[in-house]
Amino acid sequence: MLSLGSALFCSFLLDPVRKCPKMNSVFVFGTAVAAAAGGAIAYGTAWPRAQLFGSTICRTNSARKLAITFDDGPNPAITPRLLDLLDRYNARATFFLIGRFVRESPELVKETVARGHVVGNHTETHPNLFRLAPMQIRVELRLCHSAISNAIGAPPKWFRPPYGFRNPWVIPAARELGYGTVMWTLIPGDWRERPTEWLLPRLQLIADHAQRSLGNGSKPAASGTGDVLCLHDGSHRQMNGDRSRTLAALEYWLPRWRDLGLEFVTIEEAVRPPAF
Ligand SMILES: [Zn+2]
């Protein structure tokens, strides 16, 4: 039988389209799991909410900026085609990489950066960090950190936890390495074995948001924030996972989003204050 904590845990994992997790929901989630575990560790009591999970980035600083992010690569079967597609629309993106895959394809990581994209840490083996102790979390982050650093000759600055799961030690461990932790506003579930026709409407929210914020696309955005979209160019289970449906969905949407006035930016550009 599922406990309350397990049920919440599963619904959190399986909900394919969810808005940026708010601190409150994460707090409730964390508290419920702890309670289900018998109340042995009352996370919510031991760590005040503000320090419990730490702050994350989940929006861009302008309605005009769309930060497209890709998790679980590098993927030799998909990433090179994705880089070509992004080039076609002058799009820059952020790739959260799995360390053990980086070690197998360092040249692809180098090329990703050379073509103007940003790469970040997505742990060494893609575990559920919620279940790991502080030292295990540190090892996961540091192994991936060194894999990326060795591949591109510079340390990465951004981190995304696998599945978005965090416990009280995850963000402090990321901060030790100088990382900003990046979540998202939209995760459409492109890892699922569903046809492109299933995925396409799940990305409509980006266009809806742009239409509301930017009007006809010709006037500058007065205010507001933009989306961070979480897609996948790899599969954390194995190299060369099939993400051709993600590519097909982007082929459809990139020109449409561009015509609505969106700019495709890296997470660095997403948080950079506008130049005056
Ligand atoms: Zn992942």
# chains A, B, ... in the order shown; residues from 1 in each chain; ligands from 1
call {"tool": "residues_near_ligand", "arguments": {"ligand": "ligand 1", "cutoff": "7 Å", "atoms": "only C-alpha atoms and all ligand atoms", "output": "number ranges by chain"}}
result
A: 71-72, 122, 126, 162-163, 236
call {"tool": "select_by_dssp", "arguments": {"residues": "region 93-246 of chain A", "states": "strand (DSSP E)", "output": "ChimeraX atom specification"}}
result
/A:94-97,118-121,158-159,180-181,226-232
call {"tool": "closest_residue", "arguments": {"among": "A:Ala210, A:Val109, A:Val170, A:Ile137", "to": "Ala154 (chain A)", "atoms": "only C-alpha atoms"}}
result
A:Val109
call {"tool": "closest_residue", "arguments": {"among": "A:Ala249, A:Val228, A:Leu66, A:Leu254", "to": "Glu197 (chain A)", "atoms": "only C-alpha atoms"}}
result
A:Ala249
call {"tool": "closest_residue", "arguments": {"among": "A:Leu199, A:Met135, A:Ile267, A:Ala93", "to": "Thr181 (chain A)", "atoms": "only C-alpha atoms"}}
result
A:Ile267
call {"tool": "residues_around", "arguments": {"residues": "Leu83 (chain A)", "least_positions_apart": "4", "cutoff": "9 Å", "atoms": "only C-alpha atoms", "output": "NGL selection string"}}
result
:A and (78-79 or 87-88 or 112 or 115)
call {"tool": "write_last_selection", "arguments": {"atoms": "C-alpha atoms", "output": "PDB file, in the first residue's frame"}}
result
ATOM      1  CA  ILE A  78      20.703  13.409 -31.003  1.00  0.00           C
ATOM      2  CA  THR A  79      22.808  16.304 -29.714  1.00  0.00           C
ATOM      3  CA  ASP A  87      21.843  27.153 -35.162  1.00  0.00           C
ATOM      4  CA  ARG A  88      19.163  27.476 -37.807  1.00  0.00           C
ATOM      5  CA  THR A 112      28.295  22.368 -27.668  1.00  0.00           C
ATOM      6  CA  ARG A 115      28.660  26.812 -30.650  1.00  0.00           C
TER       7      ARG A 115
END
call {"tool": "atom_distance", "arguments": {"atom1": "CA of Asn61 (chain A)", "atom2": "CA of Val265 (chain A)"}}
result
11.0 Å
call {"tool": "closest_residue", "arguments": {"among": "A:Met183, A:Leu129, A:Ile148, A:Leu229", "to": "Asn167 (chain A)", "atoms": "only C-alpha atoms"}}
result
A:Leu129
